[in-house]
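A.B. asks: Sharing query_39.tsv below, TSV, C-alpha atoms and all ligand atoms:
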```tsv
chain	number	residue	atom	x	y	z
A	7	MET	CA	-3.16	-193.45	32.81
A	8	GLN	CA	0.43	-192.48	33.66
A	9	ARG	CA	3.13	-195.16	33.57
A	10	ARG	CA	6.91	-195.43	33.55
A	11	GLN	CA	8.44	-197.55	30.80
A	12	LEU	CA	11.80	-198.24	29.18
A	13	LEU	CA	11.36	-197.44	25.49
A	14	GLU	CA	13.53	-197.90	22.42
A	15	VAL	CA	14.66	-194.84	20.46
A	16	GLU	CA	13.52	-195.05	16.83
A	17	ALA	CA	15.38	-191.98	15.51
A	18	THR	CA	16.76	-188.53	16.32
A	19	GLU	CA	16.27	-185.97	13.56
A	20	PRO	CA	17.59	-182.39	13.34
A	21	VAL	CA	14.90	-179.69	13.00
A	22	GLY	CA	16.85	-176.43	12.65
A	23	PRO	CA	18.85	-176.14	15.92
A	24	TYR	CA	16.43	-178.51	17.71
A	25	THR	CA	16.22	-182.32	17.66
A	26	LEU	CA	13.11	-184.43	17.18
A	27	LEU	CA	13.51	-187.49	19.43
A	28	ARG	CA	11.24	-190.30	18.25
A	29	VAL	CA	10.68	-193.24	20.61
A	30	GLU	CA	8.46	-196.29	20.38
A	31	ARG	CA	5.19	-195.75	22.23
A	32	GLY	CA	5.18	-199.06	24.12
A	33	GLY	CA	2.18	-199.17	26.44
A	34	LEU	CA	2.16	-195.44	27.18
A	35	ASP	CA	-0.92	-193.28	26.68
A	36	PRO	CA	0.02	-190.13	24.69
A	37	GLY	CA	-2.35	-188.08	26.87
A	38	ARG	CA	-3.86	-184.69	26.14
A	39	PRO	CA	-1.99	-181.97	24.19
A	40	GLY	CA	-0.03	-179.81	26.65
A	41	GLN	CA	0.64	-182.69	29.04
A	42	PHE	CA	4.27	-183.70	29.46
A	43	PHE	CA	6.52	-186.71	30.04
A	44	MET	CA	9.62	-187.08	32.24
A	45	LEU	CA	12.50	-188.38	30.09
A	46	SER	CA	15.59	-189.79	31.82
A	47	PRO	CA	18.73	-188.75	29.93
A	48	PRO	CA	21.54	-191.35	30.02
A	49	GLY	CA	24.00	-190.71	32.85
A	50	ARG	CA	21.78	-188.10	34.62
A	51	VAL	CA	20.16	-188.58	38.02
A	52	LEU	CA	17.11	-186.40	37.38
A	53	PRO	CA	14.67	-186.82	34.48
A	54	ARG	CA	13.76	-183.81	32.32
A	55	PRO	CA	10.17	-182.69	31.51
A	56	MET	CA	9.26	-182.64	27.80
A	57	SER	CA	5.95	-181.84	26.10
A	58	LEU	CA	4.64	-184.37	23.63
A	59	CYS	CA	5.16	-182.91	20.13
A	60	LEU	CA	3.70	-185.61	17.89
A	61	ALA	CA	1.99	-188.97	18.43
A	62	PRO	CA	2.00	-190.93	15.17
A	63	PRO	CA	0.77	-194.54	15.49
A	64	GLY	CA	3.08	-196.57	17.73
A	65	GLU	CA	5.34	-193.62	18.50
A	66	LEU	CA	5.90	-190.63	20.79
A	67	ALA	CA	7.99	-187.70	19.50
A	68	PHE	CA	9.59	-184.87	21.49
A	69	LEU	CA	11.18	-181.68	20.12
A	70	ILE	CA	14.22	-180.81	22.20
A	71	ASP	CA	16.29	-177.64	22.52
A	72	PRO	CA	19.80	-178.64	23.64
A	73	ILE	CA	20.35	-175.93	26.27
A	74	GLY	CA	22.21	-177.94	28.95
A	75	PRO	CA	23.67	-181.35	29.81
A	76	GLY	CA	20.35	-183.23	30.11
A	77	THR	CA	18.80	-181.96	26.90
A	78	ARG	CA	22.12	-182.40	25.05
A	79	SER	CA	22.37	-186.06	26.05
A	80	LEU	CA	18.74	-186.62	24.95
A	81	CYS	CA	19.61	-185.13	21.54
A	82	GLU	CA	22.65	-187.44	21.28
A	83	LEU	CA	20.58	-190.64	21.63
A	84	GLU	CA	20.66	-192.99	18.65
A	85	ALA	CA	18.24	-195.51	17.15
A	86	GLY	CA	18.23	-198.66	19.28
A	87	ASP	CA	19.19	-196.87	22.53
A	88	GLU	CA	16.79	-197.24	25.45
A	89	ILE	CA	15.33	-194.45	27.55
A	90	ALA	CA	13.00	-194.36	30.57
A	91	VAL	CA	9.83	-192.34	29.93
A	92	PHE	CA	7.16	-191.49	32.56
A	93	GLY	CA	3.80	-189.95	31.80
A	94	PRO	CA	1.56	-188.42	30.65
A	95	LEU	CA	1.69	-185.85	33.47
A	96	GLY	CA	0.04	-182.55	34.43
A	97	ASN	CA	-2.91	-180.66	32.99
A	98	GLY	CA	-3.06	-180.17	29.25
A	99	PHE	CA	-5.00	-177.65	27.14
A	100	ASP	CA	-8.79	-177.49	27.36
A	101	LEU	CA	-9.87	-178.38	23.81
A	102	ARG	CA	-13.42	-176.97	24.19
A	103	VAL	CA	-12.65	-173.76	22.28
A	104	GLU	CA	-14.65	-172.13	19.48
A	105	ARG	CA	-12.05	-170.01	17.62
A	106	PRO	CA	-8.64	-171.53	18.45
A	107	LEU	CA	-5.43	-169.70	17.60
A	108	LEU	CA	-2.16	-171.41	18.51
A	109	VAL	CA	0.69	-169.10	19.55
A	110	GLY	CA	4.24	-170.39	20.02
A	111	GLY	CA	7.60	-168.82	20.77
A	112	GLY	CA	10.88	-170.65	20.12
A	113	ILE	CA	10.91	-174.16	21.60
A	114	GLY	CA	7.37	-173.34	22.77
A	115	ILE	CA	6.33	-174.75	19.41
A	116	ALA	CA	6.96	-178.23	20.93
A	117	PRO	CA	3.39	-179.09	22.10
A	118	LEU	CA	1.63	-177.32	19.20
A	119	PRO	CA	1.76	-179.95	16.39
A	120	TYR	CA	-0.05	-182.51	18.61
A	121	LEU	CA	-2.46	-179.78	19.74
A	122	ALA	CA	-3.09	-178.74	16.11
A	123	GLU	CA	-3.92	-182.32	15.20
A	124	ALA	CA	-6.47	-182.53	18.04
A	125	LEU	CA	-8.11	-179.23	17.01
A	126	GLY	CA	-8.18	-179.89	13.23
A	127	SER	CA	-5.26	-177.64	12.13
A	128	PRO	CA	-6.43	-174.23	13.41
A	129	PRO	CA	-4.54	-171.02	12.50
A	130	ALA	CA	-1.25	-170.48	14.30
A	131	VAL	CA	1.37	-167.77	14.84
A	132	LEU	CA	4.96	-168.71	15.64
A	133	GLY	CA	7.83	-166.44	16.64
A	134	PHE	CA	11.54	-167.31	16.51
A	135	ARG	CA	14.76	-165.52	17.33
A	136	SER	CA	16.48	-166.44	14.01
A	137	GLU	CA	15.79	-167.91	10.58
A	138	GLU	CA	17.58	-171.10	11.69
A	139	HIS	CA	15.23	-171.53	14.69
A	140	ALA	CA	12.27	-170.78	12.38
A	141	GLU	CA	13.02	-174.01	10.45
A	142	ALA	CA	11.01	-175.73	13.23
A	143	ALA	CA	7.89	-174.07	11.79
A	144	ALA	CA	7.89	-176.92	9.22
A	145	LEU	CA	6.22	-178.96	12.00
A	146	LEU	CA	3.19	-176.65	11.80
A	147	PRO	CA	2.82	-175.91	8.07
A	148	GLN	CA	-0.32	-173.74	8.41
A	149	ALA	CA	1.38	-171.25	10.77
A	150	ASP	CA	2.27	-167.62	10.11
A	151	VAL	CA	5.90	-167.17	11.13
A	152	VAL	CA	7.64	-164.06	12.46
A	153	VAL	CA	11.31	-163.63	13.29
A	154	ASP	CA	12.81	-161.15	15.79
A	155	PRO	CA	12.51	-158.17	15.98
A	156	THR	CA	8.87	-158.86	14.93
A	157	LEU	CA	7.02	-160.51	17.83
A	158	VAL	CA	3.97	-162.80	17.91
A	159	THR	CA	2.18	-160.05	19.86
A	160	ASP	CA	2.60	-157.75	16.81
A	161	CYS	CA	0.11	-160.08	15.05
A	162	CYS	CA	-3.63	-159.84	15.64
A	163	LEU	CA	-4.54	-162.18	18.52
A	164	GLU	CA	-7.77	-160.54	19.66
A	165	GLY	CA	-11.07	-162.29	18.97
A	166	PHE	CA	-9.52	-165.76	19.20
A	167	ASP	CA	-9.34	-168.46	21.86
A	168	VAL	CA	-5.56	-168.31	22.26
A	169	LEU	CA	-3.59	-171.40	23.32
A	170	ALA	CA	0.06	-170.45	23.85
A	171	CYS	CA	3.42	-171.88	24.80
A	172	GLY	CA	6.69	-169.97	24.87
A	173	PRO	CA	9.14	-168.00	26.99
A	174	GLU	CA	7.80	-166.28	30.11
A	175	PRO	CA	7.92	-162.67	28.73
A	176	MET	CA	5.92	-163.82	25.68
A	177	LEU	CA	3.30	-165.51	27.90
A	178	HIS	CA	2.92	-162.34	30.03
A	179	ALA	CA	2.51	-160.22	26.86
A	180	VAL	CA	-0.07	-162.67	25.44
A	181	ALA	CA	-1.97	-162.69	28.77
A	182	ALA	CA	-2.12	-158.88	28.75
A	183	LEU	CA	-3.66	-158.88	25.26
A	184	CYS	CA	-5.89	-161.96	25.68
A	185	PRO	CA	-7.07	-162.42	29.29
A	186	GLY	CA	-8.93	-165.63	28.33
A	187	ALA	CA	-5.83	-167.33	26.88
A	188	GLN	CA	-4.59	-170.75	27.98
A	189	LEU	CA	-0.85	-170.61	28.67
A	190	ALA	CA	1.65	-173.49	29.03
A	191	TRP	CA	4.30	-172.45	31.58
A	192	GLU	CA	7.70	-173.93	32.43
A	193	ALA	CA	9.58	-174.39	35.67
A	194	PRO	CA	12.48	-176.67	36.54
A	195	MET	CA	10.96	-180.01	37.69
A	196	ALA	CA	12.59	-182.84	39.61
A	197	CYS	CA	9.76	-185.36	40.04
A	198	GLY	CA	6.92	-184.24	37.73
A	199	TYR	CA	4.09	-185.62	39.89
A	200	GLY	CA	3.73	-183.34	42.92
A	201	ALA	CA	6.17	-184.89	45.42
A	202	CYS	CA	9.18	-182.54	45.56
A	203	TYR	CA	7.75	-178.96	45.39
A	204	GLY	CA	10.69	-178.12	43.09
A	205	CYS	CA	8.30	-176.54	40.58
A	206	ALA	CA	6.30	-174.38	43.03
A	207	VAL	CA	5.37	-170.94	41.64
A	208	GLU	CA	3.41	-168.13	43.28
A	209	ILE	CA	0.10	-167.49	41.51
A	210	ASP	CA	-2.33	-164.87	42.89
A	211	GLY	CA	-0.58	-165.04	46.28
A	212	GLU	CA	-0.74	-168.85	46.52
A	213	TRP	CA	2.06	-171.38	45.97
A	214	LYS	CA	1.11	-173.94	43.32
A	215	ARG	CA	2.99	-176.93	41.95
A	216	LEU	CA	3.21	-176.33	38.24
A	217	CYS	CA	3.51	-180.06	37.48
A	218	VAL	CA	0.12	-180.71	39.14
A	219	GLU	CA	-1.88	-177.47	38.63
A	220	GLY	CA	-0.25	-176.84	35.22
A	221	PRO	CA	1.71	-176.69	33.06
A	222	VAL	CA	-1.31	-175.19	31.24
A	223	LEU	CA	-3.00	-172.42	33.26
A	224	ALA	CA	-5.66	-169.85	32.42
A	225	ALA	CA	-4.16	-166.39	31.84
B	1	LIG	C1	6.17	-178.99	31.42
B	1	LIG	C2	7.45	-178.73	30.68
B	1	LIG	C3	7.55	-179.08	29.36
B	1	LIG	C4	8.75	-178.86	28.67
B	1	LIG	N1	8.82	-179.22	27.36
B	1	LIG	C5	9.97	-179.05	26.68
B	1	LIG	C6	10.06	-179.46	25.33
B	1	LIG	O1	9.11	-179.98	24.74
B	1	LIG	N2	11.25	-179.28	24.71
B	1	LIG	C7	12.34	-178.72	25.34
B	1	LIG	O2	13.41	-178.60	24.72
B	1	LIG	N3	12.28	-178.32	26.61
B	1	LIG	C8	11.13	-178.47	27.30
B	1	LIG	N4	11.06	-178.09	28.61
B	1	LIG	C9	12.26	-177.51	29.25
B	1	LIG	C10	13.27	-178.61	29.57
B	1	LIG	O3	12.70	-179.51	30.51
B	1	LIG	C11	14.55	-178.00	30.17
B	1	LIG	O4	15.17	-177.24	29.14
B	1	LIG	C12	15.52	-179.09	30.60
B	1	LIG	O5	15.02	-179.72	31.76
B	1	LIG	C13	16.88	-178.50	30.89
B	1	LIG	O6	17.74	-179.57	31.28
B	1	LIG	P1	19.31	-179.51	30.96
B	1	LIG	O7	19.98	-180.52	31.83
B	1	LIG	O8	19.56	-179.61	29.50
B	1	LIG	O9	19.73	-178.06	31.37
B	1	LIG	P2	19.98	-177.49	32.85
B	1	LIG	O10	21.44	-177.48	33.10
B	1	LIG	O11	19.07	-178.16	33.83
B	1	LIG	O12	19.42	-176.03	32.62
B	1	LIG	C14	20.04	-175.09	31.73
B	1	LIG	C15	19.50	-173.72	32.06
B	1	LIG	O13	18.07	-173.66	31.86
B	1	LIG	C16	17.37	-173.39	33.09
B	1	LIG	N5	16.20	-174.28	33.11
B	1	LIG	C17	16.19	-175.62	33.17
B	1	LIG	N6	14.95	-176.11	33.11
B	1	LIG	C18	14.16	-175.04	32.99
B	1	LIG	C19	12.75	-174.86	32.89
B	1	LIG	N7	11.92	-175.90	32.85
B	1	LIG	N8	12.28	-173.60	32.80
B	1	LIG	C20	13.09	-172.55	32.82
B	1	LIG	N9	14.42	-172.64	32.90
B	1	LIG	C21	14.94	-173.86	32.99
B	1	LIG	C22	18.36	-173.69	34.19
B	1	LIG	O14	18.11	-172.90	35.34
B	1	LIG	C23	19.68	-173.30	33.52
B	1	LIG	O15	19.88	-171.91	33.53
B	1	LIG	C24	9.87	-178.28	29.32
B	1	LIG	C25	9.76	-177.94	30.68
B	1	LIG	C26	8.56	-178.14	31.35
B	1	LIG	C27	8.47	-177.78	32.78
B	2	LIG	S1	8.24	-181.31	39.96
B	2	LIG	FE1	8.10	-182.21	41.94
B	2	LIG	S2	6.35	-181.22	42.76
B	2	LIG	FE2	6.40	-180.48	40.73
```
Let me see the structure of the file written as structure tokens.
Ligand SMILES: Cc1cc2nc3c(=O)[nH]c(=O)nc-3n(C[C@H](O)[C@H](O)[C@H](O)COP(=O)(O)OP(=O)(O)OC[C@H]3O[C@@H](n4cnc5c(N)ncnc54)[C@H](O)[C@@H]3O)c2cc1C
Ligand code: FES

C.D. replies:
Amino acid sequence: MQRRQLLEVEATEPVGPYTLLRVERGGLDPGRPGQFFMLSPPGRVLPRPMSLCLAPPGELAFLIDPIGPGTRSLCELEAGDEIAVFGPLGNGFDLRVERPLLVGGGIGIAPLPYLAEALGSPPAVLGFRSEEHAEAAALLPQADVVVDPTLVTDCCLEGFDVLACGPEPMLHAVAALCPGAQLAWEAPMACGYGACYGCAVEIDGEWKRLCVEGPVLAA
């Protein structure tokens, strides 16, 4: 059940160029892998959507790429600070898969550690743009890691039930190779629960709200 709660920050830890933001769980349900939470950065009007990365007992952890003012202020939080968290939201991954292979690109690794835990540590392929970004692969120790110019689509993905999260060009390339893949997409989101239409994307000629129909969609 989704809820909004003010939670205390337990720690912020650097993971390569990203930050792992660990908050107390409070009464929030961690939800299904691939679902997301709206986190309200201090001093910002709009919350920012973040996938759940890890859910150790009593805690929720988010891996954040500081690309703009909202994500930067989330990364600057310190232990003891409070933050409003709303979720879990959206549709996560369907876990009824026979031969799972997790595929992540860049910050798209964020939902995969929690997904790997739910699926019993299946094989994974991760792609990063630099060795520094690839330090995040420590969150998914069983993964094969490639760094640009090698791409995740240079690895063998066929014959698996692919569950992927990453930049849009990577998701299109994965969909072309694996038409049965489950893909976690991103779009800027203002509300996260279907009210603002800020996340509407055109899919097969129809406008869909990614926060309600997604973020995980069949390829
Ligand atoms: C369902 C979902 C889950 C997400 N999970 C994570 C996560 O686990 N970790 C993480 O670091 N980020 C995640 N994101 C992306 C994150 O929400 C955005 O990076 C963040 O909202 C940007 O806020 P900002 O204020 O820092 O930057 P802004 O100033 O808002 O944006 C900086 C730049 O990024 C673009 N942008 C912003 N948001 C998005 C978006 N969602 N998709 C594409 N372009 C965007 C803007 O147009 C602008 O060019 C997720 C997004 C969605 C929709
Ligand atoms: S973010 Fe408001 S409708 Fe999707």

A.B. asks: What is the CA of Pro48 in chain A-atom N8 of ligand LIG 1 (chain B) distance in Å, reported with one decimal?

C.D. replies: 20.2 Å

A.B. asks: Report, in Å to a single decimal, how far apart CA of Ile115 in chain A and CA of Pro185 in chain A are.

C.D. replies: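 Result for CA of Pro185 in chain A versus CA of Ile115 in chain A: 20.7 Å, one decimal.
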
A.B. asks: Dump as CSV the rows for residues of chain A within 8 Å of ligand LIG 1 (chain B): closest atom pair and distance in Å with one decimal, all atoms listed in the file counted, ordered by chain and rising residue number.

C.D. replies:
```
residue,atom,partner,partner_atom,distance
A:Tyr24,CA,B:LIG1,O2,7.6
A:Gly40,CA,B:LIG1,C1,7.9
A:Gln41,CA,B:LIG1,C1,7.1
A:Phe42,CA,B:LIG1,C1,5.4
A:Phe43,CA,B:LIG1,C3,7.7
A:Pro53,CA,B:LIG1,O5,7.6
A:Arg54,CA,B:LIG1,O5,4.3
A:Pro55,CA,B:LIG1,O3,4.2
A:Met56,CA,B:LIG1,N1,3.5
A:Ser57,CA,B:LIG1,O1,3.9
A:Leu58,CA,B:LIG1,O1,6.4
A:Cys59,CA,B:LIG1,O1,6.7
A:Phe68,CA,B:LIG1,O1,5.9
A:Leu69,CA,B:LIG1,N2,5.2
A:Ile70,CA,B:LIG1,O2,3.4
A:Asp71,CA,B:LIG1,O2,3.7
A:Pro72,CA,B:LIG1,O8,5.9
A:Ile73,CA,B:LIG1,O8,5.0
A:Gly74,CA,B:LIG1,O8,3.2
A:Pro75,CA,B:LIG1,O7,4.3
A:Gly76,CA,B:LIG1,O7,3.2
A:Thr77,CA,B:LIG1,O8,3.6
A:Arg78,CA,B:LIG1,O8,5.8
A:Ser79,CA,B:LIG1,O8,7.8
A:Gly96,CA,B:LIG1,C1,7.7
A:Ile113,CA,B:LIG1,O2,6.0
A:Gly114,CA,B:LIG1,O1,7.1
A:Ile115,CA,B:LIG1,O1,8.0
A:Ala116,CA,B:LIG1,O1,4.7
A:Pro117,CA,B:LIG1,O1,6.4
A:Ala190,CA,B:LIG1,C1,7.5
A:Trp191,CA,B:LIG1,C1,6.8
A:Glu192,CA,B:LIG1,C27,3.9
A:Ala193,CA,B:LIG1,N7,4.0
A:Pro194,CA,B:LIG1,N7,3.8
A:Met195,CA,B:LIG1,C27,5.9
A:Cys205,CA,B:LIG1,C27,7.9
A:Leu216,CA,B:LIG1,C27,7.7
A:Cys217,CA,B:LIG1,C1,6.7
A:Gly220,CA,B:LIG1,C1,7.8
A:Pro221,CA,B:LIG1,C1,5.3
```

A.B. asks: What would the list of residues within 9 Å of (6.9, -194.1, 22.5) (file frame) look like as a ChimeraX atom specification, if all atoms listed in the file are what count?

C.D. replies: /A:13-16,28-36,61,64-67,91

A.B. asks: Using all atoms listed in the file, which residue out of A:Ala17, A:Ala225, A:Ala85, A:Leu146 lies closest to His178 in chain A?

C.D. replies: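 The answer is A:Ala225, which sits nearest to His178 in chain A.
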
A.B. asks: Neighbouring residues of ligand LIG 2 (chain B) are defined here as those with any atom at most 8 Å from a ligand atom, counting only C-alpha atoms and all ligand atoms; list them as a list in words.

C.D. replies: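 Result of the 8 Å neighbour search around ligand LIG 2 (chain B): Pro194, Met195, Ala196, Cys197, Gly198, Tyr199, Gly200, Ala201, Cys202, Tyr203, Gly204, Cys205, Ala206, Arg215, Leu216, Cys217 and Val218 of chain A.
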
A.B. asks: For each of A:Leu125, A:Val180, A:Ala143, A:Val103, take the minimum atom-to-atom distance to Asp167 in chain A, counting all atoms listed in the file, then give the residue where this is smallest.

C.D. replies: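 Counting all atoms listed in the file, the residue closest to Asp167 in chain A is A:Val103.
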
A.B. asks: For range 7-10 of chain A, find every residue with an atom within 6 Å (counting all atoms listed in the file), except residues of its own chain fewer than 2 positions away, and show them as JSON, numbers by chain.

C.D. replies: {"A": [91, 92, 93, 94]}

A.B. asks: Suppose you want the space between CA of Ser136 in chain A and CA of Met176 in chain A; what is it in Å?

C.D. replies: 16.0 Å

A.B. asks: Around (-1.1, -160.3, 38.6) in the file's frame, which residues reach within 12 Å when counting all atoms listed in the file? Return as an MDAnalysis selection string?

C.D. replies: chainID A and resid 178 181:182 185 208:212 225

A.B. asks: Kindly list the centre and edge lengths in Å, rounded to one decimal, for the axis-aligned box that covers all listed atoms of range 20-34 of chain A plus 6 Å on each of its six sides, as JSON.

C.D. replies:
```
{"center_x": 10.5, "center_y": -187.7, "center_z": 19.9, "size_x": 28.7, "size_y": 35.0, "size_z": 26.5}
```

A.B. asks: Using only C-alpha atoms, can you tell me which of A:Thr156, A:Ser127, A:Gln11, A:Ser46 comes closest to Arg105 in chain A?

C.D. replies: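 Looking only at the distances to Arg105 in chain A, the closest residue turns out to be A:Ser127.
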
A.B. asks: For Phe134 in chain A, which residue among A:Ile89, A:Gln148, A:Leu169, A:Gly110 is the nearest when counting all atoms listed in the file?

C.D. replies: A:Gly110
